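Note sheet for the following structure.
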Amino acid sequence: MKAVVTLTPSESKRLIAKAVSRMDAVRDAWDKAYVLIADGTTNAFIKQELLEDRSIAAGGSTIGLSTAGLLCVNIPKNRKSYANVFYKGKAVEGTSFAEALADHHRETVVIKGANAIDPEGNIGIITTGFDGGTIPRVIGPITSKGITFITPVGLEKLVPSVPLAAKAFNGAQNIDITMGAAGGMFVLTNTIVVTEIEAAKLLFGLEGTLVAAGGIGGNEGAVTLVFNGEEPQIEAFVSFLEKEVKGEPAIRGIKGDCRTCKYKDCRYSGLEESEQPDWMN
Amino acid sequence: METRKMLKGCVGCKACEMACSMHHTDGFGFRHSSIEIQWEKEGYSIAFKDPMTCDTCEGEGENNYQCVKYCYRAKDALKAFILNTEEGGEA
């Protein structure tokens with residue numbers, strides 16, 4: 001049996017979050033070890049699912065974000081503070097990712113989203129932070145110890161080649177004009193990627209294909225997928241989407257404050273609101 | 001009295017309930033299923049609904065339990081539940 005479904009970016013995040021929160025590796029880590037969940041909107045949905053708490057605000061759960069027509073960075077006072085480190089299912093305050101990884105448990109899982117994925121499964125993570133952000137803090141122990149690293153990422157972020165994208169970016173000092181924060185891109189090649197296709201496979205055993213993307217009237221960034229499976233699985237999947245995924249509201253992006261922004265490379269850094277272009281607000 | 005058992009490996013997709021409803025009615029609808037999957041803190045559990053309507057898929061062929069056939073993640077535990085054998089624990 002075949003089903004065609006269209007998912008908006010938020011609906012995709014919800015589906016992916018439901019799948020990741022049910023993965024054997026994540027459930028094992030939740031019971032016995034650490035689950036380290038980096039900031040990000042898809043990860044906020046994962047926290048909602050693991051903690052059964054929809055009050056965790058996705059829009060405030062990210063530092064770097066693509067919003068208001070820019071690659072932006074929101075200001076600290078607009079960021080919501082939710083735990084990132086969980087040990088045996090409980091939030092642990094005051095423990096860094098590095099400290100949690102040093103307290104080695106075989107079942108520990110790290111979950112971090114991405115800004116780009118390519119058809120080879122390479123993951124791209126933009127970094128405009130002055131110290132490289134999350135990846136430098138975790139990549140050493142993850143790589144040397146083989147810690148499970150899960151990348152939940154929607155297919156709206158599919159690009160032709162992540163390595164080429166990383167070379168094109170090449171870091172802030174090599175960019176002449178930027179609409180937004182300038183930076184570079186990490187390329188990761190061996191994470192466990194969970195897109196909408198893997199989510200449907202994990203939950204329902206379906207085989208999925210991305211067939212179209214984009215739209216208007218709220219379908220900006222939407223993806224259309226074809227799924228194949230046995231009749232009861234397809235029926236259960238569609239029922240699941242209708243009950244638990246469809247209608248997920250769009251996430252409100254909270255733009256940074258250009259007037260005080262420390263990303264001086266940005267074309268709009270330092271501009272008062274009256275000087276900022278109309279399309280930005 | 002409903003007896004729930006934890007279903008090891010279940011992710012709550014409910015394909016089993018759909019398959020069960022298809023067996024009974026040739027259509028799809030959770031309310032026609034003889035079994036019910038439910039989320040617990042520790043994972044997913046299963047119980048037969050009351051009144052008991054499970055006929056172990058009579059007419060589908062020997063040992064061809066439709067719920068087990070279409071289960072992607074927890075076949076062994078589900079089969080054990082249907083056959084009332086040891087795999088899986090009490091909820």
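Residue numbering restarts at 1 in every chain; chains get A, B, ... in the order shown in the structure tokens, and ligands count up from 1 in that same order.
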
Using only C-alpha atoms, which protein or nucleic acid residues come within 8 Å of segment 43-58 of chain B? Drop anything in the same chain fewer than 5 positions from it, and give the result as a CSV table (one decimal) with N, CA and C atoms, in the first residue's frame.
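Contents of the output file out.csv:
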chain,number,residue,atom,x,y,z
B,1,MET,N,-11.4,-9.2,34.2
B,1,MET,CA,-10.5,-8.1,34.6
B,1,MET,C,-9.4,-8.0,33.6
B,2,GLU,N,-9.1,-6.8,33.1
B,2,GLU,CA,-8.0,-6.6,32.1
B,2,GLU,C,-6.7,-6.9,32.7
B,3,THR,N,-5.9,-7.7,32.0
B,3,THR,CA,-4.5,-8.0,32.4
B,3,THR,C,-3.6,-7.4,31.4
B,4,ARG,N,-2.8,-6.4,31.8
B,4,ARG,CA,-1.9,-5.8,30.9
B,4,ARG,C,-0.5,-6.4,31.0
B,5,LYS,N,0.1,-6.5,29.9
B,5,LYS,CA,1.5,-7.0,29.9
B,5,LYS,C,2.4,-5.9,29.2
B,6,MET,N,3.6,-5.7,29.7
B,6,MET,CA,4.5,-4.8,29.0
B,6,MET,C,5.0,-5.6,27.7
B,7,LEU,N,5.1,-4.8,26.7
B,7,LEU,CA,5.4,-5.4,25.4
B,7,LEU,C,6.9,-4.9,25.0
B,8,LYS,N,7.8,-5.8,25.2
B,8,LYS,CA,9.2,-5.4,25.0
B,8,LYS,C,9.5,-5.1,23.5
B,10,CYS,N,8.0,-2.7,21.8
B,10,CYS,CA,6.9,-2.0,21.2
B,10,CYS,C,7.2,-0.5,21.2
B,11,VAL,N,6.9,0.2,20.0
B,11,VAL,CA,7.0,1.6,20.0
B,11,VAL,C,5.7,2.3,19.8
B,12,GLY,N,4.6,1.6,20.0
B,12,GLY,CA,3.3,2.2,20.0
B,12,GLY,C,2.7,2.6,18.6
B,23,HIS,N,-8.8,-8.0,10.4
B,23,HIS,CA,-9.2,-9.4,10.5
B,23,HIS,C,-10.7,-9.5,10.8
B,34,SER,N,-9.3,-6.3,18.9
B,34,SER,CA,-9.4,-7.1,20.2
B,34,SER,C,-8.4,-6.7,21.2
B,35,ILE,N,-7.4,-6.0,20.8
B,35,ILE,CA,-6.3,-5.7,21.7
B,35,ILE,C,-6.1,-4.1,21.7
B,36,GLU,N,-5.4,-3.7,22.8
B,36,GLU,CA,-5.2,-2.3,22.9
B,36,GLU,C,-3.8,-2.0,23.4
B,37,ILE,N,-3.1,-1.2,22.7
B,37,ILE,CA,-1.7,-0.8,23.1
B,37,ILE,C,-1.9,0.5,24.0
B,38,GLN,N,-1.1,0.6,25.0
B,38,GLN,CA,-1.2,1.8,25.9
B,38,GLN,C,0.2,2.2,26.4
B,63,ASN,N,-1.6,-20.5,13.1
B,63,ASN,CA,-0.5,-19.7,13.7
B,63,ASN,C,-0.3,-18.4,12.9
B,64,ASN,N,-1.2,-17.9,12.1
B,64,ASN,CA,-1.0,-16.7,11.3
B,64,ASN,C,-1.7,-15.5,12.0
B,65,TYR,N,-1.2,-15.2,13.2
B,65,TYR,CA,-1.8,-14.1,13.9
B,65,TYR,C,-1.5,-12.8,13.2
B,66,GLN,N,-2.5,-12.1,12.8
B,66,GLN,CA,-2.3,-10.9,12.0
B,66,GLN,C,-1.6,-9.8,12.7
B,82,ILE,N,-0.1,-13.2,22.9
B,82,ILE,CA,-1.3,-13.8,22.2
B,82,ILE,C,-1.4,-15.3,22.7
B,91,ALA,N,2.2,-5.4,33.6
B,91,ALA,CA,2.3,-3.9,33.7
B,91,ALA,C,2.1,-3.5,35.1

Subject >> Close residues, Val238 of chain A itself excluded, 9 Å, only C-alpha atoms, min 5 positions apart in chain, as a VMD selection string >> reply: chain A and resid 3 5 233 243

Selected residues written out, N, CA and C atoms, as a tab-separated table (two decimals), in the first residue's frame:
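Written out: part.tsv:
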chain	number	residue	atom	x	y	z
A	3	ALA	N	1.18	5.55	0.49
A	3	ALA	CA	0.59	6.78	1.02
A	3	ALA	C	1.46	7.97	0.65
A	5	VAL	N	2.19	11.79	1.81
A	5	VAL	CA	1.93	12.72	2.92
A	5	VAL	C	2.78	13.96	2.73
A	233	GLN	N	0.11	-1.28	8.44
A	233	GLN	CA	1.15	-0.34	8.86
A	233	GLN	C	0.89	1.04	8.29
A	243	LYS	N	-3.46	12.05	14.24
A	243	LYS	CA	-3.75	12.23	15.66
A	243	LYS	C	-2.64	12.99	16.38

**OP:** Check the DSSP output for the backbone and give back, as a list of chain:residue names, the residues of segment 60-121 of chain A in strand (DSSP E).
**Re:**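 Selecting the strand (DSSP E) positions of segment 60-121 of chain A gives A:Gly64, A:Leu65, A:Ser66, A:Thr67, A:Leu70, A:Leu71, A:Cys72, A:Val73, A:Val85, A:Phe86, A:Tyr87, A:Lys90, A:Ala91, A:Val109, A:Val110, A:Ile111, A:Ala116, A:Ile117.
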
Original post:
Can you tell me, as a PyMOL selection string, what residues are no more than 9 Å from Cys67 of chain B when counting only C-alpha atoms, ignoring any on the same chain fewer than 2 positions away?
Top reply: chain B and resi 15-20+57+64-65+69-71+75+78-79

Generate a file of the selected residues that holds all heavy atoms, formatted as a short mmCIF file (atom, residue, chain, number, x, y, z; two decimals), in the first residue's frame.
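Result file result_15.cif:
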data_model
loop_
_atom_site.label_atom_id
_atom_site.label_comp_id
_atom_site.auth_asym_id
_atom_site.auth_seq_id
_atom_site.Cartn_x
_atom_site.Cartn_y
_atom_site.Cartn_z
N ALA B 15 0.08 -0.78 14.59
CA ALA B 15 -0.20 -1.56 13.38
C ALA B 15 -0.92 -2.86 13.77
O ALA B 15 -1.75 -3.38 13.02
CB ALA B 15 1.08 -1.87 12.63
N CYS B 16 -0.61 -3.38 14.94
CA CYS B 16 -1.25 -4.62 15.41
C CYS B 16 -2.75 -4.39 15.59
O CYS B 16 -3.57 -5.25 15.21
CB CYS B 16 -0.62 -5.09 16.72
SG CYS B 16 -0.59 -3.84 18.02
N GLU B 17 -3.14 -3.26 16.14
CA GLU B 17 -4.56 -2.97 16.34
C GLU B 17 -5.24 -2.83 14.97
O GLU B 17 -6.38 -3.28 14.79
CB GLU B 17 -4.73 -1.68 17.13
CG GLU B 17 -4.27 -1.78 18.61
CD GLU B 17 -4.74 -0.60 19.44
OE1 GLU B 17 -5.80 -0.02 19.12
OE2 GLU B 17 -4.06 -0.25 20.41
N MET B 18 -4.54 -2.19 14.04
CA MET B 18 -5.09 -2.04 12.69
C MET B 18 -5.28 -3.41 12.03
O MET B 18 -6.31 -3.69 11.40
CB MET B 18 -4.18 -1.18 11.82
CG MET B 18 -4.33 0.30 12.06
SD MET B 18 -5.98 0.89 11.60
CE MET B 18 -5.79 2.63 11.88
N ALA B 19 -4.26 -4.26 12.18
CA ALA B 19 -4.33 -5.59 11.57
C ALA B 19 -5.48 -6.40 12.19
O ALA B 19 -6.20 -7.13 11.51
CB ALA B 19 -3.00 -6.32 11.76
N CYS B 20 -5.62 -6.25 13.50
CA CYS B 20 -6.69 -6.97 14.20
C CYS B 20 -8.06 -6.50 13.71
O CYS B 20 -8.95 -7.31 13.43
CB CYS B 20 -6.54 -6.74 15.70
SG CYS B 20 -7.70 -7.68 16.71
N CYS B 57 -7.15 -15.18 15.27
CA CYS B 57 -7.17 -15.07 13.81
C CYS B 57 -7.65 -16.33 13.12
O CYS B 57 -7.05 -16.81 12.13
CB CYS B 57 -5.81 -14.62 13.28
SG CYS B 57 -5.52 -12.87 13.62
N ASN B 64 -1.21 -17.91 12.13
CA ASN B 64 -0.99 -16.70 11.33
C ASN B 64 -1.68 -15.51 12.00
O ASN B 64 -2.62 -14.93 11.47
CB ASN B 64 -1.52 -16.92 9.91
CG ASN B 64 -1.06 -15.81 8.98
OD1 ASN B 64 -0.13 -15.08 9.29
ND2 ASN B 64 -1.72 -15.68 7.84
N TYR B 65 -1.18 -15.17 13.19
CA TYR B 65 -1.79 -14.08 13.94
C TYR B 65 -1.48 -12.77 13.22
O TYR B 65 -0.33 -12.40 13.03
CB TYR B 65 -1.25 -14.07 15.38
CG TYR B 65 -1.24 -15.44 16.00
CD1 TYR B 65 -0.04 -16.07 16.30
CD2 TYR B 65 -2.42 -16.14 16.24
CE1 TYR B 65 -0.03 -17.35 16.84
CE2 TYR B 65 -2.42 -17.42 16.78
CZ TYR B 65 -1.22 -18.02 17.07
OH TYR B 65 -1.20 -19.29 17.59
N LYS B 69 1.97 -10.70 12.52
CA LYS B 69 2.43 -10.61 11.13
C LYS B 69 2.83 -9.19 10.76
O LYS B 69 3.83 -8.96 10.10
CB LYS B 69 1.33 -11.11 10.21
CG LYS B 69 1.66 -11.06 8.72
CD LYS B 69 0.50 -11.59 7.90
CE LYS B 69 0.77 -11.42 6.41
NZ LYS B 69 -0.37 -11.86 5.60
N TYR B 70 2.05 -8.20 11.21
CA TYR B 70 2.31 -6.83 10.78
C TYR B 70 3.08 -6.01 11.82
O TYR B 70 3.28 -4.81 11.63
CB TYR B 70 1.00 -6.13 10.43
CG TYR B 70 0.36 -6.73 9.21
CD1 TYR B 70 -0.77 -7.53 9.29
CD2 TYR B 70 0.94 -6.52 7.96
CE1 TYR B 70 -1.32 -8.10 8.15
CE2 TYR B 70 0.39 -7.08 6.82
CZ TYR B 70 -0.74 -7.87 6.92
OH TYR B 70 -1.28 -8.43 5.79
N CYS B 71 3.51 -6.65 12.89
CA CYS B 71 4.30 -5.95 13.89
C CYS B 71 5.72 -5.84 13.40
O CYS B 71 6.33 -6.81 12.97
CB CYS B 71 4.28 -6.69 15.22
SG CYS B 71 5.34 -5.93 16.47
N LYS B 75 7.63 -8.45 17.61
CA LYS B 75 6.95 -9.70 17.21
C LYS B 75 6.96 -10.75 18.30
O LYS B 75 5.93 -11.37 18.60
CB LYS B 75 7.65 -10.28 15.97
CG LYS B 75 7.17 -9.72 14.65
CD LYS B 75 7.78 -10.53 13.52
CE LYS B 75 7.58 -9.91 12.17
NZ LYS B 75 6.23 -9.62 11.78
N LEU B 78 4.85 -9.94 21.31
CA LEU B 78 3.42 -9.93 20.96
C LEU B 78 2.91 -11.35 20.79
O LEU B 78 1.83 -11.70 21.28
CB LEU B 78 3.24 -9.12 19.67
CG LEU B 78 1.83 -8.90 19.14
CD1 LEU B 78 0.91 -8.38 20.24
CD2 LEU B 78 1.85 -7.94 17.98
N LYS B 79 3.69 -12.19 20.15
CA LYS B 79 3.28 -13.59 19.96
C LYS B 79 3.14 -14.28 21.31
O LYS B 79 2.18 -15.02 21.55
CB LYS B 79 4.30 -14.32 19.09
CG LYS B 79 3.83 -15.70 18.68
CD LYS B 79 4.76 -16.31 17.64
CE LYS B 79 4.24 -17.68 17.23
NZ LYS B 79 5.13 -18.33 16.26
#

Subject >> Among listed residues B:Gly59, B:Tyr72, B:Phe81, B:Gly9, nearest His24 of chain B (using only C-alpha atoms) >> reply: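 For His24 of chain B, the nearest of the given residues is B:Gly59.
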
Subject >> Selection: 9 Å around Thr209 of chain A, only C-alpha atoms, excl. self and same-chain fewer than 3 positions, as a PyMOL selection string >> reply: chain A and resi 197+224-228
